[in-house]
Amino acid sequence: MLSRELAGAVRTSVDAGCEALFALQRPDGVFAPGGDRFSPANTAAALISLHHAEGTDRTGGTGGTDRTGETDDAQGPDGTGAPDDASPTARGDADELGAAAVTRLLNSQRPDGGWAMAGVPTELLATAAATAALRLTAPERAEGAIRAGADFVDRLGGPGALPEPTMAGLVRQFDALSGAGDLASLPRLPLEILLLRGPARRLLSLRLPIFASMALAQSAHRAPPPLLAPFNARARAEALRVVRDAYEREGSTGEFSTDPWLTGLISLGVTRSGLAPDITRASARRLRAMARPEDGGWDLMPLDVTWSSFAAAALLEAGRAADPRLAATRAMFHERQQKEPFAALGCPPGYWGFSSAYSWPMALETAEVSSALLSMPGGAGDEHARRGVEWLTAMQDPSGSWSLAVRGSKPGGFGPCPHMTAKAVRTLLDHGARPQDRRVVRALRWLSRVQHEDGSFEAMWYRGRTAGTAVVLETFCRAGLGDGETARRARERLLRTQSEDGSWGTPDAEDPAGARGNGGHGDDGGTVEDTAWALHALLTAGADPHGEPVAGAARRLTEWQRDDGSWPGAPVNEYVRHCSRYADDGIASGLALRALARLRSALDAEGHDDGPGDGDRVDGDQVDTEADTEADTEADTEATTKTATATKTGNQGDGDGARARTRSGTGTGGRNAAASGRTKGAGAS
C-alpha cells in the first residue's frame with residue numbers, strides 16, 4: 001500500500017524532476033539530455049559513404065554536367081568546376097576525419113567483438129555495419145577488430161538473422177562494397193515500382209528516398225531484365241526526382257532529416273549512380289560537418305522535438321503550464337512545424353518531425369506537440385496546434401489507423417501502429433472531438449481489431465508491448481470506454497505483467513530482437529519507461545492511488561530517481577525497429593515525471609473530490625469489430641452517439657496537469673480489482 005512516507009517521496013520526486021528537466025532546457029527552448037550518443041551504425045554508414053564520395057572527388061567525377069543533362073552549379077571559387085571541398089586541404093581534413101572515426105570504432109568495440117550505442121546490448125546491425133566500414137576504410141589497421149566483428153555476426157547467424165529484411169539486404173550491400181561479397185549476387189531492387197507513385201509510397205514510406213538512391217546505384221552497374229528495359233530510363237528519372245525532391249526541400253544542403261544514417265545511405269546510392277554529383281558533394285560536406293569534433297565518429301540524430309514533447313507533457317502534467325520557461329519551448333514548436341509539403345511522399349504541410357525545421361513527417365510527434373501546445377498559455381487559439389490536427393485528420397488511414405508518414409502505408413516497417421493511432425485519437429479528443437466523431441469511432445474500431453489475445457498492443461517506436469498497451473488503455477478511457485472489453489483486457493494485461501518489485505519490463509518472448517538481433521541479450525528487468533507508461537495508464541483507468549500496483553510502481557520510480565532529479569534511460573527506444581536501439585535519459589525522465597505527477601494529482605484530489613461524474617463513463621465497449629465499410633462506420637457512429645451521452649472530452653488532454661478525478665476508480669479499474677488482479681512474476685502474459 002502507498003504509505004504516508006511514500007506519498008511524501010512522490011511529491012518530493014515530482015518537484016525535483018521538474019527542475020531536472022528545466023536544467024536540460026537550452027535557450028532555444030529545446031530540452032536536450034546529455035550523455036554519450038555515439039552511434040557505431042551511423043559512423044559506419046558515414047564512413048562508407050564518404051569513402052565512395054571522396055573517391056569520386058579524387059578520380060575527377062565532380063563538376064560539369066551530370067547524366068541527366070542538368071548543369072551542376074556547385075563550382076569552386078575559381079569557376080573551374082572543382083569544388084573547394086575537393087582541394088588537397090579538404091581532402092586532408094577528410095582523411096583525418098576518417099582516421100579519427102576508425103579510432104573511435106576501434107576503441108568502442110566490445111569484448112564480444114560487437115558494437116552498439118552506450119547502454120544498449122551488443123547489436124547485430126551495428127556490428128555488421130561497423131565491421132564492413134572498417135574492412136573498407138582500414139583493412140590493415142583494423143584487421144583484428146574486423147575478424148572479431150565478423151565472428152560475432154557469424155555466431156548470430158549472419159545478416160539473415162536480422163528481424164528486418166530491409167536491414168539484412170543493406171548489410172549484404174555493405175559487405176559487398178567492402179569486398180566480403182559480390183554486388184552482382186544481390187537481389188535486384190525493382191526500380192520500376194517508382195513509376196507507380198501511390199503504391200511505392202505506401203509500400204516504402206520514409207524509405208522511399210533511400211530505396212530510390214540505392215536502386216539508382218544498382219541500375220548504373222546492372223542491366224535490367226529484357227522485359228523491363230523499355231521502362232528503365234523513365235524509372236531512373238523518377239528515382240532521381242524522388243531524391244532531388246527530398247534534397248531541395250531541405251535547402252539543398254545535402255543533409256537529410258538531420259540524420260547521419262539517412263544522409264549516409266542516400267549519399268552512398270547517389271554517389272554510386274554517378275547521376276547527381278552536386279548531391280554527392282553537398283552530402284559529403286554535411287557529413288563532415290555532422291561528425292563529432294571531440295573524438296571522431298557520428299552521433300545518433302538529434303531528437304529536439306521528441307525530447308521537448310516528452311518534457312513538455314511531463315511539466316504540463318505537473319502543473320507547470322504557466323512557467324515562463326516554457327514560452328521558449330512553445331516558440332520552438334511553432335518554428336519547427338513544417339511549412340512545406342514533402343512532395344516525394346505526397347505529404348501535406350503542418351506536421352512535426354523528430355528534430356529540425358526540415359525533419360521528415362512523424363505522426364507521433366505531430367500528435368504530441370499538437371496536444372502540448374493546446375495546454376500551454378494561449379493554446380485555445382493556437383493556429384499551429386490547429387494545423388497539426390488538420391494534418392492528422394488528412395493522414396488517417398482508410399482503415400481508421402495512423403501510419404508514420406504516408407496515408408495507407410502497408411503493414412510492417414512504417415505502417416499502421418496502435419500506439420501512434422491511440423496518440424492521434426487522444427489529440428483529437430483534446431481538441432474537442434467527441435467520442436462519436438467519425439475519426440475517433442473508426443480508429444477505436446481498428447484498435448479493437450488489432451489487440452493481441454493477451455490484451456496487449458504494439459508500439460512502432462518502443463520495445464515490447466507495454467507502451468502500446470498503456471497508451472491504448474488511456475485512450476479508451478479518455479473516450480469514455482474504460483469499462484469496455486478492449487480496455488478491460490488491456491488493463492488486465494498490465495496488471496498481470498507487473499513484476500514483484502512493482503516495475504514493468506519487456507520479456508524476451510515479446511521482443512524479436514531480444515534473442516536474435518541483440519545477440520541473445522534480452523532484458524526481463526524492469527525499466528523506468530515501461531513502469532511509467534503502465535503507472536500513468538492505470539491511474540487514468542481509475543486505479544486506487546493507495547493500492548499495491550500503484551504503490552509498487554511509485555516506489556520503484558522514486559528509488560530509480562537520481563540525486564539530480566533525473567531518471568536513467570533503458571534501451572527501449574527503437575531507431576531501426578528490432579535492429580537498432582538507444583537509451584535516452586530525457587525520454588525516461590519525462591515519462592517518470594509525468595506518471596508521478598499524475599499520482600500526486602490523484603493524492604491531492606482526495607478529500608475534496610465527489611467521485612466520478614455521471615457522464616464520465618459509458619457502459620460497454622461501443623467499438624464494432626466488423627469490416628470497416630462506410631455503411632458500418634456510419635451505423636457505428638449513430639449507435640455510439642446514442643450511448644455515449646454526456647461524455648467529458650473538454651479541450652484539455654492528459655498532459656495538462658489536471659487532477660485525477662477519482663480515488664477508488666471506476667468500473668473494473670478500482671481499488672479491489674487493481675489490488676487483486678495482478679499475477680506475480682515478470683513477463684506473465
# chains A, B, ... in the order shown; residues from 1 in each chain; ligands from 1

$ residues_around --residues "segment 137-150 of chain A" --least-positions-apart "4" --cutoff "6 Å" --atoms "only C-alpha atoms" --output "PDB file with N, CA and C atoms, in the first residue's frame"
ATOM      1  N   GLY A 113      33.268  -8.684 -29.413  1.00  0.00           N
ATOM      2  CA  GLY A 113      33.550  -8.413 -30.816  1.00  0.00           C
ATOM      3  C   GLY A 113      32.560  -7.495 -31.491  1.00  0.00           C
ATOM      4  N   GLY A 114      31.505  -7.097 -30.778  1.00  0.00           N
ATOM      5  CA  GLY A 114      30.445  -6.323 -31.400  1.00  0.00           C
ATOM      6  C   GLY A 114      30.410  -4.877 -30.980  1.00  0.00           C
ATOM      7  N   THR A 131      31.839  -3.486 -38.936  1.00  0.00           N
ATOM      8  CA  THR A 131      32.832  -4.412 -39.497  1.00  0.00           C
ATOM      9  C   THR A 131      33.065  -4.116 -40.971  1.00  0.00           C
TER      10      THR A 131
END

$ select_by_dssp --residues "segment 132-273 of chain A" --states "helix (DSSP H, G or I)" --output "number ranges by chain"
A: 132-137, 143-155, 159-161, 165-177, 183-185, 191-195, 197-219, 226-249, 260-273

$ closest_residue --among "A:Ala551, A:Ala99, A:Leu162, A:Leu287" --to "Leu539 of chain A" --atoms "only C-alpha atoms"
A:Ala551

$ residues_around --residues "segment 201-207 of chain A" --least-positions-apart "6" --cutoff "9 Å" --atoms "only C-alpha atoms" --output "list in words"
Leu194, Ala344, Leu345, Gly346, Trp360, Pro361, Leu404, Ala405, Val406, Arg407, Gly408, Ser409, Lys410, Pro411, Gly413, Phe414 and Gly415 of chain A

$ write_last_selection --atoms "C-alpha atoms" --output "PDB file, in the first residue's frame"
ATOM      1  CA  LEU A 194       8.703   4.027 -58.555  1.00  0.00           C
ATOM      2  CA  ALA A 344       8.241  12.853 -52.645  1.00  0.00           C
ATOM      3  CA  LEU A 345       5.933  11.260 -50.075  1.00  0.00           C
ATOM      4  CA  GLY A 346       2.783  13.098 -51.133  1.00  0.00           C
ATOM      5  CA  TRP A 360      10.655  14.216 -42.166  1.00  0.00           C
ATOM      6  CA  PRO A 361       6.969  13.715 -41.242  1.00  0.00           C
ATOM      7  CA  LEU A 404       4.059   7.105 -39.544  1.00  0.00           C
ATOM      8  CA  ALA A 405       4.171   9.403 -42.557  1.00  0.00           C
ATOM      9  CA  VAL A 406       2.236   8.118 -45.580  1.00  0.00           C
ATOM     10  CA  ARG A 407      -1.519   7.613 -45.521  1.00  0.00           C
ATOM     11  CA  GLY A 408      -2.441   3.998 -46.098  1.00  0.00           C
ATOM     12  CA  SER A 409       1.078   2.598 -45.610  1.00  0.00           C
ATOM     13  CA  LYS A 410       1.388  -1.157 -45.822  1.00  0.00           C
ATOM     14  CA  PRO A 411       1.674  -3.083 -42.529  1.00  0.00           C
ATOM     15  CA  GLY A 413       8.002  -1.048 -41.382  1.00  0.00           C
ATOM     16  CA  PHE A 414       6.281   2.309 -41.032  1.00  0.00           C
ATOM     17  CA  GLY A 415       2.722   1.068 -41.447  1.00  0.00           C
TER      18      GLY A 415
END

$ residues_around --residues "Leu6 of chain A" --least-positions-apart "6" --cutoff "12 Å" --atoms "only C-alpha atoms" --output "short mmCIF file (atom, residue, chain, number, x, y, z; two decimals) with N, CA and C atoms, in the first residue's frame"
data_model
loop_
_atom_site.label_atom_id
_atom_site.label_comp_id
_atom_site.auth_asym_id
_atom_site.auth_seq_id
_atom_site.Cartn_x
_atom_site.Cartn_y
_atom_site.Cartn_z
N THR A 12 8.01 15.00 -3.39
CA THR A 12 9.38 15.50 -3.50
C THR A 12 9.99 15.15 -4.85
N SER A 13 9.70 13.92 -5.30
CA SER A 13 10.24 13.46 -6.58
C SER A 13 9.73 14.31 -7.74
N PRO A 545 -5.06 4.99 -6.01
CA PRO A 545 -3.71 5.51 -5.80
C PRO A 545 -3.02 4.93 -4.57
N HIS A 546 -3.82 4.30 -3.66
CA HIS A 546 -3.22 3.67 -2.49
C HIS A 546 -3.02 2.17 -2.67
N GLU A 548 -1.71 -1.55 -4.12
CA GLU A 548 -0.36 -2.07 -4.24
C GLU A 548 0.22 -1.94 -5.65
N VAL A 550 -0.16 0.46 -7.79
CA VAL A 550 0.30 1.83 -7.90
C VAL A 550 1.46 2.09 -6.95
N ALA A 551 1.33 1.63 -5.74
CA ALA A 551 2.38 1.86 -4.75
C ALA A 551 3.70 1.21 -5.17
N GLY A 552 3.61 -0.01 -5.70
CA GLY A 552 4.83 -0.68 -6.13
C GLY A 552 5.53 0.06 -7.25
N ALA A 553 4.76 0.54 -8.22
CA ALA A 553 5.36 1.30 -9.32
C ALA A 553 5.94 2.62 -8.83
N ALA A 554 5.21 3.31 -7.96
CA ALA A 554 5.71 4.58 -7.43
C ALA A 554 6.99 4.38 -6.63
N ARG A 555 7.02 3.30 -5.87
CA ARG A 555 8.22 3.01 -5.08
C ARG A 555 9.43 2.82 -5.98
N ARG A 556 9.27 2.06 -7.06
CA ARG A 556 10.40 1.82 -7.95
C ARG A 556 10.83 3.10 -8.65
N LEU A 557 9.88 3.90 -9.08
CA LEU A 557 10.26 5.13 -9.78
C LEU A 557 10.98 6.11 -8.86
N THR A 558 10.54 6.22 -7.62
CA THR A 558 11.24 7.12 -6.70
C THR A 558 12.61 6.57 -6.33
N GLU A 559 12.74 5.24 -6.26
CA GLU A 559 14.05 4.64 -5.97
C GLU A 559 15.02 4.83 -7.13
N LEU A 596 4.42 10.17 -12.11
CA LEU A 596 4.37 10.53 -10.70
C LEU A 596 3.56 11.80 -10.48
N LEU A 599 0.04 10.73 -10.29
CA LEU A 599 -0.23 10.15 -8.97
C LEU A 599 -0.36 11.25 -7.92
N ARG A 600 0.52 12.23 -7.96
CA ARG A 600 0.41 13.34 -6.99
C ARG A 600 -0.93 14.04 -7.12
N LEU A 603 -3.55 12.00 -5.41
CA LEU A 603 -3.45 12.10 -3.96
C LEU A 603 -3.96 13.46 -3.48
#
